[in-house]
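This is work.pdb. It holds PDB, C-alpha atoms and all ligand atoms.
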ATOM      1  CA  MET A   1     229.261 266.016 -66.534  1.00  0.00           C
ATOM      2  CA  PRO A   2     226.465 264.876 -68.939  1.00  0.00           C
ATOM      3  CA  ASP A   3     227.312 261.744 -70.838  1.00  0.00           C
ATOM      4  CA  SER A   4     225.596 260.242 -73.843  1.00  0.00           C
ATOM      5  CA  THR A   5     225.931 256.648 -72.564  1.00  0.00           C
ATOM      6  CA  GLY A   6     223.542 257.209 -69.675  1.00  0.00           C
ATOM      7  CA  PRO A   7     219.817 256.543 -69.826  1.00  0.00           C
ATOM      8  CA  THR A   8     217.538 259.517 -70.312  1.00  0.00           C
ATOM      9  CA  PRO A   9     214.892 259.822 -67.601  1.00  0.00           C
ATOM     10  CA  SER A  10     211.717 261.123 -69.134  1.00  0.00           C
ATOM     11  CA  SER A  11     208.531 260.763 -67.096  1.00  0.00           C
ATOM     12  CA  GLU A  12     210.159 262.068 -63.917  1.00  0.00           C
ATOM     13  CA  ARG A  13     211.692 265.053 -65.646  1.00  0.00           C
ATOM     14  CA  SER A  14     208.879 267.357 -64.664  1.00  0.00           C
ATOM     15  CA  VAL A  15     209.281 266.351 -61.002  1.00  0.00           C
ATOM     16  CA  THR A  16     212.939 267.276 -60.981  1.00  0.00           C
ATOM     17  CA  GLU A  17     212.352 270.483 -62.921  1.00  0.00           C
ATOM     18  CA  VAL A  18     209.634 271.578 -60.515  1.00  0.00           C
ATOM     19  CA  LEU A  19     211.805 270.761 -57.525  1.00  0.00           C
ATOM     20  CA  LYS A  20     214.637 272.827 -58.983  1.00  0.00           C
ATOM     21  CA  ASP A  21     212.189 275.715 -59.419  1.00  0.00           C
ATOM     22  CA  ILE A  22     211.094 275.369 -55.793  1.00  0.00           C
ATOM     23  CA  PHE A  23     214.698 275.438 -54.626  1.00  0.00           C
ATOM     24  CA  SER A  24     215.348 278.496 -56.806  1.00  0.00           C
ATOM     25  CA  LYS A  25     212.448 280.266 -55.164  1.00  0.00           C
ATOM     26  CA  LEU A  26     213.321 279.263 -51.584  1.00  0.00           C
ATOM     27  CA  ASP A  27     217.112 279.584 -51.701  1.00  0.00           C
ATOM     28  CA  PRO A  28     217.181 283.429 -51.716  1.00  0.00           C
ATOM     29  CA  ILE A  29     214.835 283.448 -48.714  1.00  0.00           C
ATOM     30  CA  ALA A  30     217.175 281.075 -46.850  1.00  0.00           C
ATOM     31  CA  LYS A  31     220.200 283.130 -47.895  1.00  0.00           C
ATOM     32  CA  ASP A  32     218.589 286.313 -46.661  1.00  0.00           C
ATOM     33  CA  HIS A  33     217.843 284.746 -43.258  1.00  0.00           C
ATOM     34  CA  ALA A  34     221.380 283.355 -43.083  1.00  0.00           C
ATOM     35  CA  GLU A  35     222.975 286.716 -43.871  1.00  0.00           C
ATOM     36  CA  ARG A  36     220.872 288.601 -41.374  1.00  0.00           C
ATOM     37  CA  ALA A  37     221.563 286.032 -38.655  1.00  0.00           C
ATOM     38  CA  GLN A  38     225.296 285.960 -39.508  1.00  0.00           C
ATOM     39  CA  VAL A  39     225.424 282.194 -39.478  1.00  0.00           C
ATOM     40  CA  SER A  40     228.629 280.267 -38.855  1.00  0.00           C
ATOM     41  CA  CYS A  41     228.240 277.942 -41.857  1.00  0.00           C
ATOM     42  CA  LYS A  42     231.046 278.333 -44.394  1.00  0.00           C
ATOM     43  CA  LYS A  43     232.229 276.486 -47.474  1.00  0.00           C
ATOM     44  CA  GLY A  44     234.307 273.469 -46.428  1.00  0.00           C
ATOM     45  CA  CYS A  45     232.748 273.192 -42.973  1.00  0.00           C
ATOM     46  CA  ASN A  46     231.143 269.785 -42.923  1.00  0.00           C
ATOM     47  CA  HIS A  47     230.612 268.234 -39.485  1.00  0.00           C
ATOM     48  CA  CYS A  48     226.909 268.244 -40.350  1.00  0.00           C
ATOM     49  CA  CYS A  49     227.628 265.991 -43.347  1.00  0.00           C
ATOM     50  CA  LYS A  50     228.186 263.154 -40.857  1.00  0.00           C
ATOM     51  CA  LEU A  51     224.648 263.405 -39.521  1.00  0.00           C
ATOM     52  CA  LEU A  52     221.929 260.956 -40.406  1.00  0.00           C
ATOM     53  CA  THR A  53     220.379 262.615 -43.443  1.00  0.00           C
ATOM     54  CA  THR A  54     217.056 261.360 -44.695  1.00  0.00           C
ATOM     55  CA  ILE A  55     215.657 262.735 -47.912  1.00  0.00           C
ATOM     56  CA  MET A  56     212.360 262.528 -49.767  1.00  0.00           C
ATOM     57  CA  VAL A  57     211.682 260.784 -53.026  1.00  0.00           C
ATOM     58  CA  SER A  58     211.567 263.890 -55.239  1.00  0.00           C
ATOM     59  CA  GLU A  59     214.981 264.862 -53.856  1.00  0.00           C
ATOM     60  CA  GLY A  60     216.233 261.334 -54.560  1.00  0.00           C
ATOM     61  CA  LEU A  61     214.963 261.569 -58.147  1.00  0.00           C
ATOM     62  CA  LEU A  62     216.820 264.849 -58.634  1.00  0.00           C
ATOM     63  CA  ILE A  63     220.106 263.350 -57.430  1.00  0.00           C
ATOM     64  CA  ALA A  64     219.564 260.078 -59.323  1.00  0.00           C
ATOM     65  CA  GLU A  65     218.862 261.975 -62.530  1.00  0.00           C
ATOM     66  CA  ALA A  66     222.136 263.883 -62.238  1.00  0.00           C
ATOM     67  CA  LEU A  67     224.104 260.723 -61.457  1.00  0.00           C
ATOM     68  CA  LEU A  68     222.606 258.843 -64.396  1.00  0.00           C
ATOM     69  CA  LYS A  69     223.662 261.635 -66.727  1.00  0.00           C
ATOM     70  CA  ASP A  70     227.182 261.422 -65.369  1.00  0.00           C
ATOM     71  CA  GLY A  71     229.443 258.902 -67.095  1.00  0.00           C
ATOM     72  CA  THR A  72     230.911 257.767 -63.771  1.00  0.00           C
ATOM     73  CA  TRP A  73     227.694 256.483 -62.179  1.00  0.00           C
ATOM     74  CA  ARG A  74     228.574 252.808 -62.630  1.00  0.00           C
ATOM     75  CA  SER A  75     231.781 253.094 -60.652  1.00  0.00           C
ATOM     76  CA  PHE A  76     229.900 254.924 -57.891  1.00  0.00           C
ATOM     77  CA  LEU A  77     227.427 252.058 -57.297  1.00  0.00           C
ATOM     78  CA  PRO A  78     229.604 250.042 -54.866  1.00  0.00           C
ATOM     79  CA  GLU A  79     230.130 253.137 -52.721  1.00  0.00           C
ATOM     80  CA  LEU A  80     226.418 253.922 -52.759  1.00  0.00           C
ATOM     81  CA  LYS A  81     225.586 250.380 -51.689  1.00  0.00           C
ATOM     82  CA  GLU A  82     228.154 250.372 -48.892  1.00  0.00           C
ATOM     83  CA  SER A  83     226.842 253.685 -47.614  1.00  0.00           C
ATOM     84  CA  ALA A  84     223.232 252.475 -47.859  1.00  0.00           C
ATOM     85  CA  LEU A  85     223.998 249.367 -45.809  1.00  0.00           C
ATOM     86  CA  ALA A  86     225.754 251.494 -43.182  1.00  0.00           C
ATOM     87  CA  HIS A  87     222.351 253.106 -42.591  1.00  0.00           C
ATOM     88  CA  CYS A  88     220.686 249.801 -41.757  1.00  0.00           C
ATOM     89  CA  PHE A  89     221.124 248.930 -38.107  1.00  0.00           C
ATOM     90  CA  GLU A  90     218.802 248.606 -35.156  1.00  0.00           C
ATOM     91  CA  GLY A  91     218.504 251.811 -33.168  1.00  0.00           C
ATOM     92  CA  ILE A  92     219.636 254.126 -35.956  1.00  0.00           C
ATOM     93  CA  CYS A  93     218.939 257.764 -35.120  1.00  0.00           C
ATOM     94  CA  ASN A  94     220.923 261.000 -35.321  1.00  0.00           C
ATOM     95  CA  ALA A  95     222.926 260.234 -32.177  1.00  0.00           C
ATOM     96  CA  THR A  96     223.841 256.620 -32.960  1.00  0.00           C
ATOM     97  CA  TYR A  97     224.663 257.411 -36.588  1.00  0.00           C
ATOM     98  CA  PHE A  98     226.701 260.508 -35.705  1.00  0.00           C
ATOM     99  CA  ASP A  99     228.783 258.349 -33.352  1.00  0.00           C
ATOM    100  CA  LYS A 100     230.045 256.468 -36.397  1.00  0.00           C
ATOM    101  CA  ARG A 101     231.664 259.648 -37.772  1.00  0.00           C
ATOM    102  CA  ARG A 102     230.863 258.457 -41.241  1.00  0.00           C
ATOM    103  CA  PRO A 103     230.829 261.190 -43.912  1.00  0.00           C
ATOM    104  CA  CYS A 104     227.978 261.425 -46.392  1.00  0.00           C
ATOM    105  CA  VAL A 105     228.655 259.482 -49.571  1.00  0.00           C
ATOM    106  CA  PHE A 106     228.505 262.790 -51.487  1.00  0.00           C
ATOM    107  CA  LEU A 107     231.080 264.618 -49.385  1.00  0.00           C
ATOM    108  CA  SER A 108     233.961 265.261 -51.754  1.00  0.00           C
ATOM    109  CA  LYS A 109     236.898 262.871 -51.534  1.00  0.00           C
ATOM    110  CA  LYS A 110     239.144 265.580 -52.989  1.00  0.00           C
ATOM    111  CA  GLY A 111     239.923 266.903 -49.545  1.00  0.00           C
ATOM    112  CA  GLN A 112     238.153 270.267 -49.685  1.00  0.00           C
ATOM    113  CA  GLY A 113     235.262 269.166 -47.512  1.00  0.00           C
ATOM    114  CA  VAL A 114     232.656 270.295 -50.015  1.00  0.00           C
ATOM    115  CA  CYS A 115     229.479 268.702 -51.282  1.00  0.00           C
ATOM    116  CA  ASP A 116     229.804 266.997 -54.670  1.00  0.00           C
ATOM    117  CA  ILE A 117     226.105 267.571 -55.373  1.00  0.00           C
ATOM    118  CA  TYR A 118     225.898 271.086 -53.932  1.00  0.00           C
ATOM    119  CA  SER A 119     223.513 272.538 -56.541  1.00  0.00           C
ATOM    120  CA  ILE A 120     221.054 269.668 -56.092  1.00  0.00           C
ATOM    121  CA  ARG A 121     221.575 268.932 -52.390  1.00  0.00           C
ATOM    122  CA  PRO A 122     218.415 268.068 -50.466  1.00  0.00           C
ATOM    123  CA  SER A 123     216.406 270.521 -48.403  1.00  0.00           C
ATOM    124  CA  CYS A 124     217.665 269.208 -45.048  1.00  0.00           C
ATOM    125  CA  CYS A 125     221.189 270.244 -46.130  1.00  0.00           C
ATOM    126  CA  ARG A 126     220.089 273.376 -48.020  1.00  0.00           C
ATOM    127  CA  TYR A 127     218.148 274.909 -45.191  1.00  0.00           C
ATOM    128  CA  HIS A 128     220.330 273.906 -42.263  1.00  0.00           C
ATOM    129  CA  TYR A 129     222.258 276.835 -40.777  1.00  0.00           C
ATOM    130  CA  VAL A 130     223.564 277.462 -37.297  1.00  0.00           C
ATOM    131  CA  THR A 131     224.665 280.570 -35.460  1.00  0.00           C
ATOM    132  CA  SER A 132     226.641 278.617 -32.860  1.00  0.00           C
ATOM    133  CA  GLU A 133     230.360 277.909 -33.306  1.00  0.00           C
ATOM    134  CA  PRO A 134     231.171 275.229 -35.908  1.00  0.00           C
ATOM    135  CA  GLU A 135     233.041 273.183 -33.264  1.00  0.00           C
ATOM    136  CA  LYS A 136     229.723 272.638 -31.532  1.00  0.00           C
ATOM    137  CA  CYS A 137     228.544 270.709 -34.593  1.00  0.00           C
ATOM    138  CA  SER A 138     231.471 268.303 -34.377  1.00  0.00           C
ATOM    139  CA  PRO A 139     231.005 264.674 -33.368  1.00  0.00           C
ATOM    140  CA  GLU A 140     233.932 265.335 -31.001  1.00  0.00           C
ATOM    141  CA  ALA A 141     231.899 267.923 -29.061  1.00  0.00           C
ATOM    142  CA  PRO A 142     230.524 266.723 -25.722  1.00  0.00           C
ATOM    143  CA  ARG A 143     227.265 264.809 -26.031  1.00  0.00           C
ATOM    144  CA  ASP A 144     225.175 267.487 -24.325  1.00  0.00           C
ATOM    145  CA  THR A 145     226.437 270.317 -26.577  1.00  0.00           C
ATOM    146  CA  GLN A 146     223.590 272.406 -27.981  1.00  0.00           C
ATOM    147  CA  THR A 147     223.764 274.056 -31.397  1.00  0.00           C
ATOM    148  CA  ALA A 148     221.659 277.063 -32.355  1.00  0.00           C
ATOM    149  CA  ALA A 149     219.972 276.329 -35.673  1.00  0.00           C
ATOM    150  CA  LEU A 150     217.974 278.844 -37.714  1.00  0.00           C
ATOM    151  CA  ASP A 151     214.324 277.945 -37.879  1.00  0.00           C
ATOM    152  CA  LEU A 152     213.714 277.533 -41.599  1.00  0.00           C
ATOM    153  CA  MET A 153     211.075 274.875 -41.174  1.00  0.00           C
ATOM    154  CA  PRO A 154     208.539 276.694 -43.415  1.00  0.00           C
ATOM    155  CA  LEU A 155     210.974 276.236 -46.323  1.00  0.00           C
ATOM    156  CA  ASP A 156     211.439 272.535 -45.591  1.00  0.00           C
ATOM    157  CA  LYS A 157     207.701 272.158 -45.330  1.00  0.00           C
ATOM    158  CA  GLU A 158     207.143 273.653 -48.777  1.00  0.00           C
ATOM    159  CA  VAL A 159     209.444 271.006 -50.253  1.00  0.00           C
ATOM    160  CA  TRP A 160     207.776 268.379 -48.116  1.00  0.00           C
ATOM    161  CA  MET A 161     204.326 269.342 -49.417  1.00  0.00           C
ATOM    162  CA  PHE A 162     205.505 269.059 -52.993  1.00  0.00           C
ATOM    163  CA  ASP A 163     207.016 265.687 -52.212  1.00  0.00           C
ATOM    164  CA  ASN A 164     203.791 264.510 -50.668  1.00  0.00           C
ATOM    165  CA  HIS A 165     202.133 265.135 -54.030  1.00  0.00           C
ATOM    166  CA  VAL A 166     204.929 263.319 -55.906  1.00  0.00           C
ATOM    167  CA  SER A 167     204.884 260.328 -53.536  1.00  0.00           C
ATOM    168  CA  ARG A 168     201.151 259.931 -53.972  1.00  0.00           C
ATOM    169  CA  GLU A 169     201.243 260.316 -57.747  1.00  0.00           C
ATOM    170  CA  LEU A 170     204.175 257.992 -58.427  1.00  0.00           C
ATOM    171  CA  PHE A 171     204.133 255.540 -55.538  1.00  0.00           C
ATOM    172  CA  ASN A 172     200.664 255.778 -54.049  1.00  0.00           C
ATOM    173  CA  THR A 173     201.987 256.625 -50.603  1.00  0.00           C
ATOM    174  CA  PRO A 174     201.977 259.956 -48.742  1.00  0.00           C
ATOM    175  CA  LEU A 175     205.604 259.830 -47.712  1.00  0.00           C
ATOM    176  CA  MET A 176     208.824 258.134 -48.681  1.00  0.00           C
ATOM    177  CA  SER A 177     211.800 259.222 -46.669  1.00  0.00           C
ATOM    178  CA  ALA A 178     215.069 257.343 -46.311  1.00  0.00           C
ATOM    179  CA  PRO A 179     218.808 257.966 -45.929  1.00  0.00           C
ATOM    180  CA  ILE A 180     220.414 259.558 -48.972  1.00  0.00           C
ATOM    181  CA  PRO A 181     222.099 256.433 -50.449  1.00  0.00           C
ATOM    182  CA  VAL A 182     219.059 254.203 -49.835  1.00  0.00           C
ATOM    183  CA  MET A 183     216.800 256.692 -51.592  1.00  0.00           C
ATOM    184  CA  VAL A 184     219.220 257.433 -54.442  1.00  0.00           C
ATOM    185  CA  LEU A 185     219.701 253.740 -55.305  1.00  0.00           C
ATOM    186  CA  PHE A 186     215.940 253.253 -55.281  1.00  0.00           C
ATOM    187  CA  CYS A 187     215.438 256.273 -57.545  1.00  0.00           C
ATOM    188  CA  MET A 188     218.186 255.153 -59.947  1.00  0.00           C
ATOM    189  CA  ASP A 189     216.384 251.830 -60.204  1.00  0.00           C
ATOM    190  CA  TYR A 190     213.063 253.567 -60.770  1.00  0.00           C
ATOM    191  CA  MET A 191     214.421 255.906 -63.436  1.00  0.00           C
ATOM    192  CA  THR A 192     216.028 253.132 -65.484  1.00  0.00           C
ATOM    193  CA  GLN A 193     213.048 250.803 -65.668  1.00  0.00           C
ATOM    194  CA  ASP A 194     212.959 251.157 -69.454  1.00  0.00           C
ATOM    195  CA  ASP A 195     216.669 250.584 -69.900  1.00  0.00           C
ATOM    196  CA  ILE A 196     217.271 246.898 -69.210  1.00  0.00           C
ATOM    197  CA  THR A 197     221.069 247.018 -69.323  1.00  0.00           C
ATOM    198  CA  CYS A 198     221.437 249.919 -66.916  1.00  0.00           C
ATOM    199  CA  ASN A 199     218.663 248.680 -64.701  1.00  0.00           C
ATOM    200  CA  ARG A 200     220.173 245.214 -64.386  1.00  0.00           C
ATOM    201  CA  GLU A 201     223.442 246.727 -63.251  1.00  0.00           C
ATOM    202  CA  ILE A 202     221.757 248.946 -60.679  1.00  0.00           C
ATOM    203  CA  LYS A 203     219.611 246.070 -59.394  1.00  0.00           C
ATOM    204  CA  LYS A 204     222.752 244.005 -58.861  1.00  0.00           C
ATOM    205  CA  TRP A 205     224.036 246.625 -56.410  1.00  0.00           C
ATOM    206  CA  MET A 206     220.674 246.932 -54.718  1.00  0.00           C
ATOM    207  CA  GLU A 207     220.686 243.362 -53.469  1.00  0.00           C
ATOM    208  CA  GLY A 208     220.323 243.442 -49.692  1.00  0.00           C
ATOM    209  CA  VAL A 209     219.550 247.185 -49.666  1.00  0.00           C
ATOM    210  CA  PRO A 210     216.020 247.948 -48.412  1.00  0.00           C
ATOM    211  CA  THR A 211     213.629 250.075 -50.415  1.00  0.00           C
ATOM    212  CA  PRO A 212     212.698 253.385 -48.726  1.00  0.00           C
ATOM    213  CA  ILE A 213     209.404 251.902 -47.536  1.00  0.00           C
ATOM    214  CA  GLU A 214     211.192 248.831 -46.130  1.00  0.00           C
ATOM    215  CA  TRP A 215     213.762 251.085 -44.474  1.00  0.00           C
ATOM    216  CA  MET A 216     211.045 253.257 -42.926  1.00  0.00           C
ATOM    217  CA  LYS A 217     209.176 250.240 -41.594  1.00  0.00           C
ATOM    218  CA  LYS A 218     212.255 248.604 -40.122  1.00  0.00           C
ATOM    219  CA  TYR A 219     214.320 251.547 -38.905  1.00  0.00           C
ATOM    220  CA  GLY A 220     212.711 254.796 -39.775  1.00  0.00           C
ATOM    221  CA  ILE A 221     210.135 255.972 -37.286  1.00  0.00           C
ATOM    222  CA  PRO A 222     212.609 257.591 -34.851  1.00  0.00           C
ATOM    223  CA  SER A 223     214.496 259.172 -37.757  1.00  0.00           C
ATOM    224  CA  LEU A 224     211.349 260.496 -39.361  1.00  0.00           C
ATOM    225  CA  VAL A 225     210.236 261.990 -36.107  1.00  0.00           C
ATOM    226  CA  LEU A 226     213.634 263.574 -35.495  1.00  0.00           C
ATOM    227  CA  ASN A 227     214.141 264.971 -38.960  1.00  0.00           C
ATOM    228  CA  LYS A 228     210.657 266.024 -39.951  1.00  0.00           C
ATOM    229  CA  GLU A 229     209.362 267.194 -36.606  1.00  0.00           C
ATOM    230  CA  ILE A 230     206.274 265.052 -36.727  1.00  0.00           C
ATOM    231  CA  SER A 231     204.941 262.824 -34.001  1.00  0.00           C
ATOM    232  CA  ALA A 232     205.473 259.060 -34.002  1.00  0.00           C
ATOM    233  CA  GLU A 233     201.712 258.615 -34.437  1.00  0.00           C
ATOM    234  CA  GLU A 234     201.653 260.905 -37.476  1.00  0.00           C
ATOM    235  CA  ALA A 235     204.629 259.081 -38.983  1.00  0.00           C
ATOM    236  CA  GLU A 236     202.959 255.722 -38.505  1.00  0.00           C
ATOM    237  CA  VAL A 237     199.745 256.922 -40.086  1.00  0.00           C
ATOM    238  CA  MET A 238     201.628 258.498 -42.974  1.00  0.00           C
ATOM    239  CA  ILE A 239     203.446 255.341 -43.937  1.00  0.00           C
ATOM    240  CA  GLY A 240     200.531 253.082 -43.144  1.00  0.00           C
ATOM    241  CA  LEU A 241     202.118 251.164 -40.295  1.00  0.00           C
ATOM    242  CA  THR A 242     200.086 249.301 -37.760  1.00  0.00           C
ATOM    243  CA  LYS A 243     201.443 248.542 -34.324  1.00  0.00           C
TER     244      LYS A 243
HETATM  245  S1  LIG B   1     225.836 273.356 -39.592  1.00  0.00           S
HETATM  246 FE1  LIG B   1     227.743 273.386 -38.387  1.00  0.00          FE
HETATM  247  S2  LIG B   1     229.089 271.906 -39.399  1.00  0.00           S
HETATM  248 FE2  LIG B   1     227.449 272.398 -40.836  1.00  0.00          FE
HETATM  249  S3  LIG B   1     228.305 274.055 -42.108  1.00  0.00           S
HETATM  250 FE3  LIG B   1     227.144 275.006 -40.416  1.00  0.00          FE
HETATM  251  S4  LIG B   1     228.663 275.399 -38.812  1.00  0.00           S
HETATM  252 FE4  LIG B   1     229.565 273.924 -40.242  1.00  0.00          FE
HETATM  253  S1  LIG B   2     224.328 265.890 -49.657  1.00  0.00           S
HETATM  254 FE1  LIG B   2     226.071 267.271 -49.563  1.00  0.00          FE
HETATM  255  S2  LIG B   2     225.534 268.815 -48.012  1.00  0.00           S
HETATM  256 FE2  LIG B   2     224.176 267.060 -47.738  1.00  0.00          FE
HETATM  257  S3  LIG B   2     225.141 265.750 -46.197  1.00  0.00           S
HETATM  258 FE3  LIG B   2     225.808 265.015 -48.214  1.00  0.00          FE
HETATM  259  S4  LIG B   2     227.730 266.083 -48.634  1.00  0.00           S
HETATM  260 FE4  LIG B   2     226.706 267.190 -46.967  1.00  0.00          FE
END
Please go through the file and, once you have read it, give me the structure as structure tokens.
Amino acid sequence: MPDSTGPTPSSERSVTEVLKDIFSKLDPIAKDHAERAQVSCKKGCNHCCKLLTTIMVSEGLLIAEALLKDGTWRSFLPELKESALAHCFEGICNATYFDKRRPCVFLSKKGQGVCDIYSIRPSCCRYHYVTSEPEKCSPEAPRDTQTAALDLMPLDKEVWMFDNHVSRELFNTPLMSAPIPVMVLFCMDYMTQDDITCNREIKKWMEGVPTPIEWMKKYGIPSLVLNKEISAEEAEVMIGLTK
């Protein structure tokens, strides 16, 4: 996968290394819970990859770093942009996005229903397990269908706390959370600031795509509240919004 033509992120390297360490520490805990609960989640099952998935900036940097090292990142930009724009509509929330039945941009197109970025997938994917039948996760299931998810919130929160530190250090804000393609494009732009050629190309595909902060201000409060289990008031305070 690594390719010598890609830019080499440097200053963010420690962020991505630390995040990988955190995942390495938390993953066995999640696996242990999953095994004991006998969860239904299996390789290739992917209804949940059509949910609205918002990620944090450190997670976006980790994915962006891997993409930039991959020789195919240029050809992936149009797809990333299209997916980002599909996350920009009034009233976006889990229910309205799920209705679109639109797979995550990183769900493999090779037909096996697997995640193309499995080893670096974000915490909301990593620590999401259910004990209910997989059919209940499907967008075709009746609207009032309930799934039984494992409560692994303490693991998510550990990642979230780390990200809070990163967001403050790098972007002077306590929280940046946005849909996967919106965040990844932003992070690719951020990581190529010193590489004019690459950065120009990425910027071209970012035209019309909001930054994570813009996305949060315009669309994000309901999503933040749904995905991070915080109140609307907390979310507004965290991203500095005024009513
Ligand atoms: S959460 Fe549901 S759709 Fe996702 S892997 Fe588990 S059972 Fe399958
Ligand atoms: S990042 Fe991977 S696991 Fe997460 S929604 Fe996308 S395809 Fe699914």
Which residue gives the smallest distance to A:Leu62 among A:Gln112, A:Ser14, A:Asn46, A:Asn172, with all atoms listed in the file counted?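 Looking only at the distances to A:Leu62, the closest residue turns out to be A:Ser14.
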Env. residues ligand LIG 2 (chain B) / 8 Å / only C-alpha atoms and all ligand atoms / as JSON, numbers by chain: {"A": [46, 48, 49, 50, 51, 53, 103, 104, 105, 106, 107, 108, 114, 115, 116, 117, 118, 121, 122, 124, 125, 126, 180]}
Residues near A:Met161, cut-off 10 Å, only C-alpha atoms, skip fewer than 6 positions along chain, as a PDB file with C-alpha atoms, in the coordinates of the input:
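Dumped to selection03.pdb:
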ATOM      1  CA  SER A 167     204.884 260.328 -53.536  1.00  0.00           C
ATOM      2  CA  PRO A 174     201.977 259.956 -48.742  1.00  0.00           C
ATOM      3  CA  LEU A 175     205.604 259.830 -47.712  1.00  0.00           C
TER       4      LEU A 175
END
Taking only C-alpha atoms and all ligand atoms into account, which residues are within 6 Å of ligand LIG 1 (chain B), as a PyMOL selection string? chain A and resi 40-42+45-48+129-130+134+137
To one decimal place in Å, what is the distance between atom CA of A:Thr145 and atom CA of A:Ile92?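 Computing the Euclidean distance for atom CA of A:Thr145 and atom CA of A:Ile92 yields 19.9 Å.
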Could you pull out every residue with an atom within 10 Å of (224.4, 284.6, -36.4), file coordinates, counting only C-alpha atoms, and send them as a list in words? His33, Ala34, Glu35, Arg36, Ala37, Gln38, Val39, Ser40, Cys41, Tyr129, Val130, Thr131, Ser132, Glu133, Ala148, Ala149 and Leu150 of chain A
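Separating atom CA of A:Lys136 from atom CA of A:Glu79 is a distance of 28.8 Å.
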Where atoms are lacking, stretch 44-57 of chain A completed to N, CA and C atoms, as a compact mmCIF listing (two decimals), in the frame of the given file:
# COMPACT_ATOMS: atom_id res chain seq x y z
N GLY A 44 233.25 274.35 -46.95
CA GLY A 44 234.31 273.47 -46.43
C GLY A 44 234.04 272.98 -45.02
N CYS A 45 233.11 273.64 -44.32
CA CYS A 45 232.75 273.19 -42.97
C CYS A 45 231.75 272.04 -43.16
N ASN A 46 231.98 270.93 -42.53
CA ASN A 46 231.14 269.79 -42.92
C ASN A 46 230.87 268.78 -41.81
N HIS A 47 230.96 269.19 -40.55
CA HIS A 47 230.61 268.23 -39.48
C HIS A 47 229.19 267.72 -39.70
N CYS A 48 228.32 268.62 -40.18
CA CYS A 48 226.91 268.24 -40.35
C CYS A 48 226.72 267.21 -41.45
N CYS A 49 227.73 267.00 -42.29
CA CYS A 49 227.63 265.99 -43.35
C CYS A 49 227.91 264.59 -42.80
N LYS A 50 228.05 264.49 -41.48
CA LYS A 50 228.19 263.15 -40.86
C LYS A 50 226.91 262.79 -40.09
N LEU A 51 225.93 263.69 -40.17
CA LEU A 51 224.65 263.40 -39.52
C LEU A 51 223.84 262.40 -40.34
N LEU A 52 222.88 261.79 -39.68
CA LEU A 52 221.93 260.96 -40.41
C LEU A 52 221.05 261.88 -41.25
N THR A 53 221.13 261.72 -42.56
CA THR A 53 220.38 262.62 -43.44
C THR A 53 219.36 261.82 -44.24
N THR A 54 218.11 262.03 -43.92
CA THR A 54 217.06 261.36 -44.70
C THR A 54 216.46 262.36 -45.68
N ILE A 55 216.20 261.86 -46.87
CA ILE A 55 215.66 262.74 -47.91
C ILE A 55 214.35 262.16 -48.46
N MET A 56 213.64 262.95 -49.21
CA MET A 56 212.36 262.53 -49.77
C MET A 56 212.55 262.08 -51.21
N VAL A 57 211.51 261.45 -51.73
CA VAL A 57 211.68 260.78 -53.03
C VAL A 57 211.94 261.77 -54.17
